[in-house]
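Source file target04.pdb; content: PDB, C-alpha atoms, pLDDT in the B column.
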```
ATOM      1  CA  MET V   1      98.921 131.444  81.484  1.00 93.00           C
ATOM      2  CA  LEU V   2      98.488 131.716  85.217  1.00 93.00           C
ATOM      3  CA  VAL V   3      94.933 130.892  86.280  1.00 95.00           C
ATOM      4  CA  ILE V   4      93.667 131.971  89.701  1.00 94.00           C
ATOM      5  CA  THR V   5      90.227 131.578  91.249  1.00 95.00           C
ATOM      6  CA  ARG V   6      88.988 134.636  93.128  1.00 96.00           C
ATOM      7  CA  LYS V   7      85.741 135.304  94.933  1.00 95.00           C
ATOM      8  CA  LEU V   8      83.774 138.524  95.173  1.00 96.00           C
ATOM      9  CA  GLU V   9      85.861 141.363  96.643  1.00 96.00           C
ATOM     10  CA  GLN V  10      89.033 139.308  96.479  1.00 97.00           C
ATOM     11  CA  SER V  11      91.874 140.635  94.406  1.00 97.00           C
ATOM     12  CA  ILE V  12      95.210 139.919  92.802  1.00 97.00           C
ATOM     13  CA  ILE V  13      98.253 142.152  92.822  1.00 97.00           C
ATOM     14  CA  ILE V  14     100.510 142.436  89.782  1.00 95.00           C
ATOM     15  CA  GLY V  15     104.046 143.740  89.995  1.00 93.00           C
ATOM     16  CA  GLY V  16     103.494 145.040  93.506  1.00 94.00           C
ATOM     17  CA  GLU V  17     101.613 148.096  92.348  1.00 94.00           C
ATOM     18  CA  VAL V  18      98.618 147.041  90.269  1.00 96.00           C
ATOM     19  CA  GLU V  19      95.599 145.551  92.039  1.00 97.00           C
ATOM     20  CA  VAL V  20      92.670 143.927  90.243  1.00 97.00           C
ATOM     21  CA  ILE V  21      89.592 143.426  92.400  1.00 97.00           C
ATOM     22  CA  VAL V  22      86.483 141.383  91.599  1.00 97.00           C
ATOM     23  CA  LEU V  23      83.616 143.781  92.282  1.00 97.00           C
ATOM     24  CA  GLY V  24      80.731 141.818  90.873  1.00 96.00           C
ATOM     25  CA  VAL V  25      79.817 138.697  88.956  1.00 95.00           C
ATOM     26  CA  THR V  26      76.642 138.355  86.936  1.00 94.00           C
ATOM     27  CA  LYS V  27      75.574 136.089  84.122  1.00 94.00           C
ATOM     28  CA  ASP V  28      76.570 138.863  81.668  1.00 94.00           C
ATOM     29  CA  GLY V  29      80.034 139.565  82.898  1.00 95.00           C
ATOM     30  CA  VAL V  30      82.577 140.143  85.601  1.00 95.00           C
ATOM     31  CA  ARG V  31      83.004 143.628  87.014  1.00 96.00           C
ATOM     32  CA  LEU V  32      86.611 144.427  87.876  1.00 97.00           C
ATOM     33  CA  GLY V  33      88.152 147.296  89.752  1.00 97.00           C
ATOM     34  CA  ILE V  34      91.726 148.221  88.930  1.00 97.00           C
ATOM     35  CA  LYS V  35      94.048 150.220  91.160  1.00 97.00           C
ATOM     36  CA  ALA V  36      97.197 151.273  89.336  1.00 94.00           C
ATOM     37  CA  PRO V  37      99.608 154.203  89.283  1.00 87.00           C
ATOM     38  CA  ARG V  38      98.668 156.903  86.776  1.00 79.00           C
ATOM     39  CA  SER V  39     101.708 155.988  84.698  1.00 76.00           C
ATOM     40  CA  VAL V  40     100.267 152.527  83.984  1.00 84.00           C
ATOM     41  CA  GLN V  41      97.879 152.595  81.065  1.00 84.00           C
ATOM     42  CA  VAL V  42      94.782 150.481  81.716  1.00 89.00           C
ATOM     43  CA  HIS V  43      92.281 149.994  78.903  1.00 90.00           C
ATOM     44  CA  ARG V  44      90.030 147.363  77.465  1.00 91.00           C
ATOM     45  CA  ARG V  45      91.922 145.142  75.068  1.00 93.00           C
ATOM     46  CA  GLU V  46      89.725 146.362  72.185  1.00 92.00           C
ATOM     47  CA  VAL V  47      91.060 149.906  72.629  1.00 92.00           C
ATOM     48  CA  PHE V  48      94.655 148.729  72.213  1.00 93.00           C
ATOM     49  CA  GLU V  49      93.691 146.587  69.236  1.00 94.00           C
ATOM     50  CA  ALA V  50      91.901 149.479  67.517  1.00 94.00           C
ATOM     51  CA  ILE V  51      94.937 151.720  67.927  1.00 95.00           C
ATOM     52  CA  ALA V  52      97.293 148.957  66.755  1.00 96.00           C
ATOM     53  CA  ALA V  53      95.118 148.616  63.624  1.00 96.00           C
ATOM     54  CA  GLU V  54      95.299 152.365  62.994  1.00 96.00           C
ATOM     55  CA  ASN V  55      99.076 152.232  63.501  1.00 97.00           C
ATOM     56  CA  ARG V  56      99.339 149.519  60.860  1.00 96.00           C
ATOM     57  CA  ALA V  57      97.156 151.566  58.518  1.00 96.00           C
ATOM     58  CA  ALA V  58      99.435 154.590  59.029  1.00 95.00           C
ATOM     59  CA  THR V  59     102.300 152.558  57.514  1.00 95.00           C
ATOM     60  CA  GLU V  60     100.302 151.705  54.396  1.00 92.00           C
ATOM     61  CA  THR V  61     100.056 154.979  52.518  1.00 83.00           C
ATOM     62  CA  ARG V  62      99.076 154.065  48.947  1.00 79.00           C
ATOM     63  CA  VAL V  63      99.138 157.456  47.234  1.00 85.00           C
ATOM     64  CA  PRO V  64     102.215 159.651  46.729  1.00 87.00           C
ATOM     65  CA  VAL V  65     102.742 161.498  49.992  1.00 87.00           C
ATOM     66  CA  GLN V  66     103.423 164.701  48.055  1.00 89.00           C
ATOM     67  CA  ASP V  67      99.821 164.580  46.771  1.00 90.00           C
ATOM     68  CA  ALA V  68      98.428 163.999  50.248  1.00 91.00           C
ATOM     69  CA  ALA V  69     100.626 166.772  51.621  1.00 92.00           C
ATOM     70  CA  ALA V  70      99.452 169.205  48.914  1.00 92.00           C
ATOM     71  CA  LEU V  71      95.812 168.551  49.840  1.00 92.00           C
ATOM     72  CA  LEU V  72      96.646 169.269  53.470  1.00 92.00           C
ATOM     73  CA  ARG V  73      98.541 172.459  52.650  1.00 93.00           C
ATOM     74  CA  ALA V  74      95.577 173.700  50.618  1.00 91.00           C
ATOM     75  CA  ALA V  75      93.156 173.002  53.468  1.00 91.00           C
ATOM     76  CA  HIS V  76      95.469 174.140  56.262  1.00 88.00           C
ATOM     77  CA  PRO V  77      97.759 176.896  54.950  1.00 82.00           C
ATOM     78  CA  PRO V  78     101.113 176.747  56.734  1.00 71.00           C
ATOM     79  CA  LYS V  79     101.664 179.134  59.579  1.00 67.00           C
ATOM     80  CA  PRO V  80     105.201 179.783  60.789  1.00 63.00           C
ATOM     81  CA  LYS V  81     104.385 178.460  64.238  1.00 56.00           C
ATOM     82  CA  ASP V  82     103.460 175.024  62.863  1.00 50.00           C
ATOM     83  CA  ARG V  83     106.793 174.411  61.215  1.00 50.00           C
TER      84      ARG V  83
ATOM     85  CA  MET D   1     100.623 172.737  74.605  1.00 38.00           C
ATOM     86  CA  ASN D   2     101.876 171.941  71.161  1.00 39.00           C
ATOM     87  CA  PRO D   3     105.106 173.805  70.569  1.00 40.00           C
ATOM     88  CA  PRO D   4     106.629 173.729  67.109  1.00 40.00           C
ATOM     89  CA  LEU D   5     108.779 170.725  66.510  1.00 44.00           C
ATOM     90  CA  ALA D   6     112.147 172.395  66.578  1.00 44.00           C
ATOM     91  CA  LEU D   7     113.898 169.506  64.939  1.00 45.00           C
ATOM     92  CA  PRO D   8     116.567 169.312  62.271  1.00 45.00           C
ATOM     93  CA  ASN D   9     115.048 168.586  58.872  1.00 47.00           C
ATOM     94  CA  ASP D  10     118.055 167.139  57.060  1.00 56.00           C
ATOM     95  CA  ASP D  11     118.851 163.707  58.461  1.00 73.00           C
ATOM     96  CA  GLY D  12     116.007 163.629  60.919  1.00 83.00           C
ATOM     97  CA  LEU D  13     116.058 163.193  64.647  1.00 88.00           C
ATOM     98  CA  LEU D  14     116.644 159.719  66.088  1.00 94.00           C
ATOM     99  CA  ILE D  15     113.984 158.855  68.617  1.00 94.00           C
ATOM    100  CA  THR D  16     113.761 155.799  70.830  1.00 95.00           C
ATOM    101  CA  PHE D  17     110.360 154.334  71.637  1.00 94.00           C
ATOM    102  CA  PRO D  18     111.289 151.944  74.483  1.00 92.00           C
ATOM    103  CA  LYS D  19     107.935 150.177  74.222  1.00 91.00           C
ATOM    104  CA  GLY D  20     107.556 150.568  70.479  1.00 94.00           C
ATOM    105  CA  LEU D  21     104.206 151.551  69.036  1.00 96.00           C
ATOM    106  CA  LEU D  22     101.110 149.424  69.584  1.00 95.00           C
ATOM    107  CA  GLY D  23     101.270 146.437  67.259  1.00 95.00           C
ATOM    108  CA  PHE D  24     104.989 147.059  66.655  1.00 95.00           C
ATOM    109  CA  PRO D  25     106.554 146.391  70.062  1.00 92.00           C
ATOM    110  CA  GLN D  26     109.836 145.118  68.623  1.00 94.00           C
ATOM    111  CA  LEU D  27     110.644 148.311  66.703  1.00 97.00           C
ATOM    112  CA  THR D  28     112.090 150.887  69.065  1.00 96.00           C
ATOM    113  CA  LEU D  29     114.407 153.135  67.065  1.00 96.00           C
ATOM    114  CA  PHE D  30     112.978 155.639  64.599  1.00 96.00           C
ATOM    115  CA  ARG D  31     114.126 158.583  62.565  1.00 95.00           C
ATOM    116  CA  LEU D  32     111.681 161.489  62.327  1.00 94.00           C
ATOM    117  CA  LEU D  33     111.814 162.683  58.737  1.00 93.00           C
ATOM    118  CA  GLU D  34     110.301 165.969  57.626  1.00 91.00           C
ATOM    119  CA  PRO D  35     110.798 166.202  53.858  1.00 89.00           C
ATOM    120  CA  HIS D  36     110.130 169.689  52.592  1.00 86.00           C
ATOM    121  CA  ASP D  37     107.671 168.562  49.904  1.00 87.00           C
ATOM    122  CA  GLY D  38     105.840 166.458  52.450  1.00 90.00           C
ATOM    123  CA  TYR D  39     104.901 169.299  54.785  1.00 91.00           C
ATOM    124  CA  PRO D  40     102.806 169.132  56.956  1.00 93.00           C
ATOM    125  CA  LEU D  41     103.256 165.359  56.966  1.00 94.00           C
ATOM    126  CA  LYS D  42     106.180 163.831  58.798  1.00 95.00           C
ATOM    127  CA  PHE D  43     107.445 160.288  58.749  1.00 94.00           C
ATOM    128  CA  LEU D  44     108.657 158.072  61.541  1.00 96.00           C
ATOM    129  CA  GLN D  45     110.977 155.721  59.726  1.00 95.00           C
ATOM    130  CA  SER D  46     112.004 152.560  61.529  1.00 95.00           C
ATOM    131  CA  GLU D  47     115.760 152.148  61.718  1.00 95.00           C
ATOM    132  CA  GLU D  48     115.287 148.425  62.249  1.00 95.00           C
ATOM    133  CA  ASN D  49     112.812 147.624  59.484  1.00 94.00           C
ATOM    134  CA  PRO D  50     113.118 149.781  56.354  1.00 92.00           C
ATOM    135  CA  GLU D  51     109.595 148.795  55.313  1.00 92.00           C
ATOM    136  CA  VAL D  52     107.963 150.432  58.326  1.00 95.00           C
ATOM    137  CA  SER D  53     107.366 154.157  58.153  1.00 95.00           C
ATOM    138  CA  PHE D  54     104.518 155.809  60.019  1.00 96.00           C
ATOM    139  CA  THR D  55     102.926 158.834  58.425  1.00 96.00           C
ATOM    140  CA  CYS D  56     102.236 161.444  61.083  1.00 96.00           C
ATOM    141  CA  ILE D  57     101.512 165.106  61.668  1.00 96.00           C
ATOM    142  CA  ASN D  58     101.689 167.787  64.297  1.00 94.00           C
ATOM    143  CA  PRO D  59      97.980 167.748  65.203  1.00 94.00           C
ATOM    144  CA  ALA D  60      98.054 171.498  65.886  1.00 92.00           C
ATOM    145  CA  VAL D  61      98.115 171.973  62.097  1.00 91.00           C
ATOM    146  CA  VAL D  62      94.738 170.314  61.609  1.00 91.00           C
ATOM    147  CA  LYS D  63      93.102 170.640  65.037  1.00 91.00           C
ATOM    148  CA  PRO D  64      94.505 173.604  66.947  1.00 89.00           C
ATOM    149  CA  ASP D  65      92.397 172.896  70.036  1.00 91.00           C
ATOM    150  CA  TYR D  66      93.601 169.297  70.422  1.00 91.00           C
ATOM    151  CA  ASP D  67      95.186 168.922  73.801  1.00 86.00           C
ATOM    152  CA  VAL D  68      96.753 165.761  75.171  1.00 86.00           C
ATOM    153  CA  PRO D  69      95.777 165.732  78.830  1.00 80.00           C
ATOM    154  CA  LEU D  70      98.996 164.518  80.409  1.00 80.00           C
ATOM    155  CA  SER D  71      98.961 164.405  84.155  1.00 75.00           C
ATOM    156  CA  ALA D  72     101.995 165.473  86.144  1.00 76.00           C
ATOM    157  CA  GLU D  73     102.583 161.789  86.997  1.00 74.00           C
ATOM    158  CA  GLU D  74     102.454 160.784  83.349  1.00 76.00           C
ATOM    159  CA  ALA D  75     104.776 163.604  82.363  1.00 80.00           C
ATOM    160  CA  GLN D  76     107.190 162.435  85.031  1.00 79.00           C
ATOM    161  CA  ALA D  77     106.945 158.835  83.850  1.00 76.00           C
ATOM    162  CA  LEU D  78     107.854 160.073  80.358  1.00 80.00           C
ATOM    163  CA  GLY D  79     110.837 161.961  81.748  1.00 83.00           C
ATOM    164  CA  LEU D  80     109.282 165.336  80.959  1.00 84.00           C
ATOM    165  CA  GLU D  81     110.071 168.093  83.355  1.00 82.00           C
ATOM    166  CA  SER D  82     106.635 169.509  82.671  1.00 74.00           C
ATOM    167  CA  PRO D  83     103.743 168.499  80.396  1.00 72.00           C
ATOM    168  CA  GLU D  84     104.523 171.567  78.260  1.00 73.00           C
ATOM    169  CA  ASP D  85     107.860 170.052  77.193  1.00 78.00           C
ATOM    170  CA  ALA D  86     106.062 167.338  75.241  1.00 86.00           C
ATOM    171  CA  LEU D  87     106.114 167.299  71.468  1.00 90.00           C
ATOM    172  CA  ILE D  88     102.960 165.690  70.163  1.00 94.00           C
ATOM    173  CA  LEU D  89     102.490 163.808  66.910  1.00 96.00           C
ATOM    174  CA  THR D  90      99.445 161.899  65.709  1.00 97.00           C
ATOM    175  CA  LEU D  91      99.495 159.140  63.118  1.00 97.00           C
ATOM    176  CA  VAL D  92      97.874 159.783  59.756  1.00 97.00           C
ATOM    177  CA  VAL D  93      96.082 157.214  57.630  1.00 96.00           C
ATOM    178  CA  VAL D  94      96.040 158.073  53.926  1.00 95.00           C
ATOM    179  CA  PRO D  95      93.548 155.825  52.134  1.00 92.00           C
ATOM    180  CA  GLU D  96      93.338 155.328  48.376  1.00 91.00           C
ATOM    181  CA  ASP D  97      91.126 158.412  48.201  1.00 91.00           C
ATOM    182  CA  PRO D  98      93.405 160.826  50.063  1.00 91.00           C
ATOM    183  CA  ARG D  99      90.507 163.215  50.641  1.00 92.00           C
ATOM    184  CA  GLN D 100      89.355 160.709  53.267  1.00 93.00           C
ATOM    185  CA  MET D 101      92.611 161.127  55.230  1.00 95.00           C
ATOM    186  CA  THR D 102      92.265 160.809  58.991  1.00 96.00           C
ATOM    187  CA  THR D 103      94.464 161.173  62.012  1.00 96.00           C
ATOM    188  CA  ASN D 104      94.292 159.139  65.194  1.00 96.00           C
ATOM    189  CA  LEU D 105      93.663 161.442  68.141  1.00 95.00           C
ATOM    190  CA  ALA D 106      93.091 158.484  70.505  1.00 94.00           C
ATOM    191  CA  GLY D 107      96.685 157.234  70.327  1.00 95.00           C
ATOM    192  CA  PRO D 108      99.016 160.226  70.112  1.00 95.00           C
ATOM    193  CA  LEU D 109     102.781 159.950  70.239  1.00 96.00           C
ATOM    194  CA  VAL D 110     104.399 161.990  72.963  1.00 93.00           C
ATOM    195  CA  LEU D 111     108.029 162.843  72.358  1.00 93.00           C
ATOM    196  CA  ASN D 112     110.475 164.210  74.842  1.00 90.00           C
ATOM    197  CA  GLY D 113     112.717 166.437  72.749  1.00 84.00           C
ATOM    198  CA  LYS D 114     115.382 166.545  75.436  1.00 85.00           C
ATOM    199  CA  THR D 115     115.776 162.812  76.003  1.00 88.00           C
ATOM    200  CA  ARG D 116     114.705 161.914  72.431  1.00 90.00           C
ATOM    201  CA  MET D 117     112.385 159.292  73.826  1.00 91.00           C
ATOM    202  CA  GLY D 118     108.878 158.675  72.615  1.00 92.00           C
ATOM    203  CA  TYR D 119     105.804 156.883  73.873  1.00 91.00           C
ATOM    204  CA  GLN D 120     102.409 156.160  72.434  1.00 93.00           C
ATOM    205  CA  ILE D 121      99.691 157.220  74.816  1.00 91.00           C
ATOM    206  CA  VAL D 122      96.350 155.419  74.685  1.00 90.00           C
ATOM    207  CA  PHE D 123      93.075 157.165  75.304  1.00 86.00           C
ATOM    208  CA  GLY D 124      89.727 155.468  75.174  1.00 74.00           C
ATOM    209  CA  SER D 125      88.232 156.249  71.776  1.00 65.00           C
ATOM    210  CA  GLU D 126      85.143 157.592  73.545  1.00 76.00           C
ATOM    211  CA  LYS D 127      87.332 160.518  74.545  1.00 81.00           C
ATOM    212  CA  PHE D 128      89.104 161.230  71.241  1.00 91.00           C
ATOM    213  CA  PRO D 129      88.293 159.951  67.765  1.00 93.00           C
ATOM    214  CA  LEU D 130      90.382 157.163  66.294  1.00 94.00           C
ATOM    215  CA  ARG D 131      89.705 158.522  62.794  1.00 95.00           C
ATOM    216  CA  TYR D 132      89.478 162.280  62.834  1.00 95.00           C
ATOM    217  CA  PRO D 133      89.050 163.636  59.257  1.00 95.00           C
ATOM    218  CA  ILE D 134      91.741 166.190  58.516  1.00 94.00           C
ATOM    219  CA  LEU D 135      90.423 167.528  55.216  1.00 92.00           C
ATOM    220  CA  PRO D 136      87.160 169.427  54.790  1.00 84.00           C
ATOM    221  CA  GLN D 137      84.354 166.969  54.115  1.00 78.00           C
ATOM    222  CA  ASP D 138      81.784 167.700  51.389  1.00 67.00           C
TER     223      ASP D 138
END
```

Once you've parsed the file, please lay out its structure as structure tokens.
Amino acid sequence: MLVITRKLEQSIIIGGEVEVIVLGVTKDGVRLGIKAPRSVQVHRREVFEAIAAENRAATETRVPVQDAAALLRAAHPPKPKDR
Amino acid sequence: MNPPLALPNDDGLLITFPKGLLGFPQLTLFRLLEPHDGYPLKFLQSEENPEVSFTCINPAVVKPDYDVPLSAEEAQALGLESPEDALILTLVVVPEDPRQMTTNLAGPLVLNGKTRMGYQIVFGSEKFPLRYPILPQD
């Protein structure tokens, strides 16, 4: 891992288009500003981890999918436009 | 902005996820299966690992007002000519009690039907629920 020391209001640039700026440092945390193109997804790591966990769970269906599908069809009757 | 998935339902459409799905970055090629007796569920079956199949759904079936707010820049990055060309799927978690089924509105899959490419978009879960119940709760 690359380790860089930065002071308040200093920044690093990643890949020529993402800039991470140190906006504030307190005893509770570091406040960062991130400038990135809209196409670059920037989130807290926890957000990615939560979605990765849900992805894993979506591969672990334990009941017959026909049963799950029947429950859904009963609650949400098919409309032609959904097919 | 959720047009019907006009996809063949026999062999399923092959879709490439260049970045994979979160937690599964190495799996990039999937077949979208829509078995008749599984409707409205669909299945993204990995071509590279037969044990990985994601259960998913067209979220319009269970939450008609769900809208993935793609910006023009994001649509362009996904190779979509316009945000309306996107086909949206959300992943479904079926627990042991299937009445507690949920779908993940915070990490939808956006498919480009023309290029047959797919991406998982990440929203903060403060914006959309990670576990949205899709059956009526008692």

Can you pull out the residues contacting range 59-71 of chain D? Cut-off 10 Å, using all atoms listed in the file, and skip same-chain residues under 6 positions away; I want them as a ChimeraX atom specification.
/V:38-39,72-73,75-79,81-83 /D:1-4,40-41,77-78,82-84,86,88-92,103-110,121,123,128,132-135

Selection dump of the PyMOL selection byres ((chain V and resi 20) around 7), as a VMD selection string
chain V and resid 11 to 13 18 to 19 21 to 22 32 to 35

Gap from CA of Met117 in chain D to CA of Phe30 in chain D - Å, one decimal
9.9 Å

Quick one: apply the ChimeraX specification (/V :<6) & /D to the file and drop the selected residues here as a PyMOL selection string.
chain D and resi 4+22-23+38-39+53-55+74+92-94+96+98

Within 9 Å of file point (116.3, 163.2, 72.3), counting all atoms listed in the file, expressed as a compact mmCIF listing (two decimals) with C-alpha atoms, in the coordinates of the input:
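Output file out-v7.txt follows:
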```txt
# COMPACT_ATOMS: atom_id res chain seq x y z
CA LEU D 13 116.06 163.19 64.65
CA LEU D 14 116.64 159.72 66.09
CA ILE D 15 113.98 158.85 68.62
CA THR D 16 113.76 155.80 70.83
CA LEU D 111 108.03 162.84 72.36
CA ASN D 112 110.48 164.21 74.84
CA GLY D 113 112.72 166.44 72.75
CA LYS D 114 115.38 166.54 75.44
CA THR D 115 115.78 162.81 76.00
CA ARG D 116 114.70 161.91 72.43
CA MET D 117 112.38 159.29 73.83
CA GLY D 118 108.88 158.68 72.61
```

How many Å lie between CA of Tyr119 in chain D and CA of Glu47 in chain D, rounded to one decimal?
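So the answer is 16.4 Å.
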
To one decimal place in Å, what is the distance between CA of Phe24 in chain D and CA of Pro50 in chain D?
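Atom-to-atom, CA of Phe24 in chain D to CA of Pro50 in chain D, that is 13.4 Å.
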
Selected residue of minimal separation from Leu27 in chain D among D:Arg131, D:Thr102, D:Glu51, D:Glu73, counting all atoms listed in the file:
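The closest residue to Leu27 in chain D is D:Glu51.
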
Could the centre and edge lengths of an axis-aligned box, enclosing all atoms of range 25-44 of chain V in the file with 5 Å extra on each side, be given in Å to one decimal as AutoDock Vina command-line options?
```
--center_x 88.6 --center_y 146.5 --center_z 84.3 --size_x 36.1 --size_y 30.8 --size_z 23.7
```

Considering all atoms listed in the file, state which residue in the set D:Gln100, D:Val122, D:Gly20, D:Arg31 is at the smallest distance from Pro136 in chain D.
D:Gln100
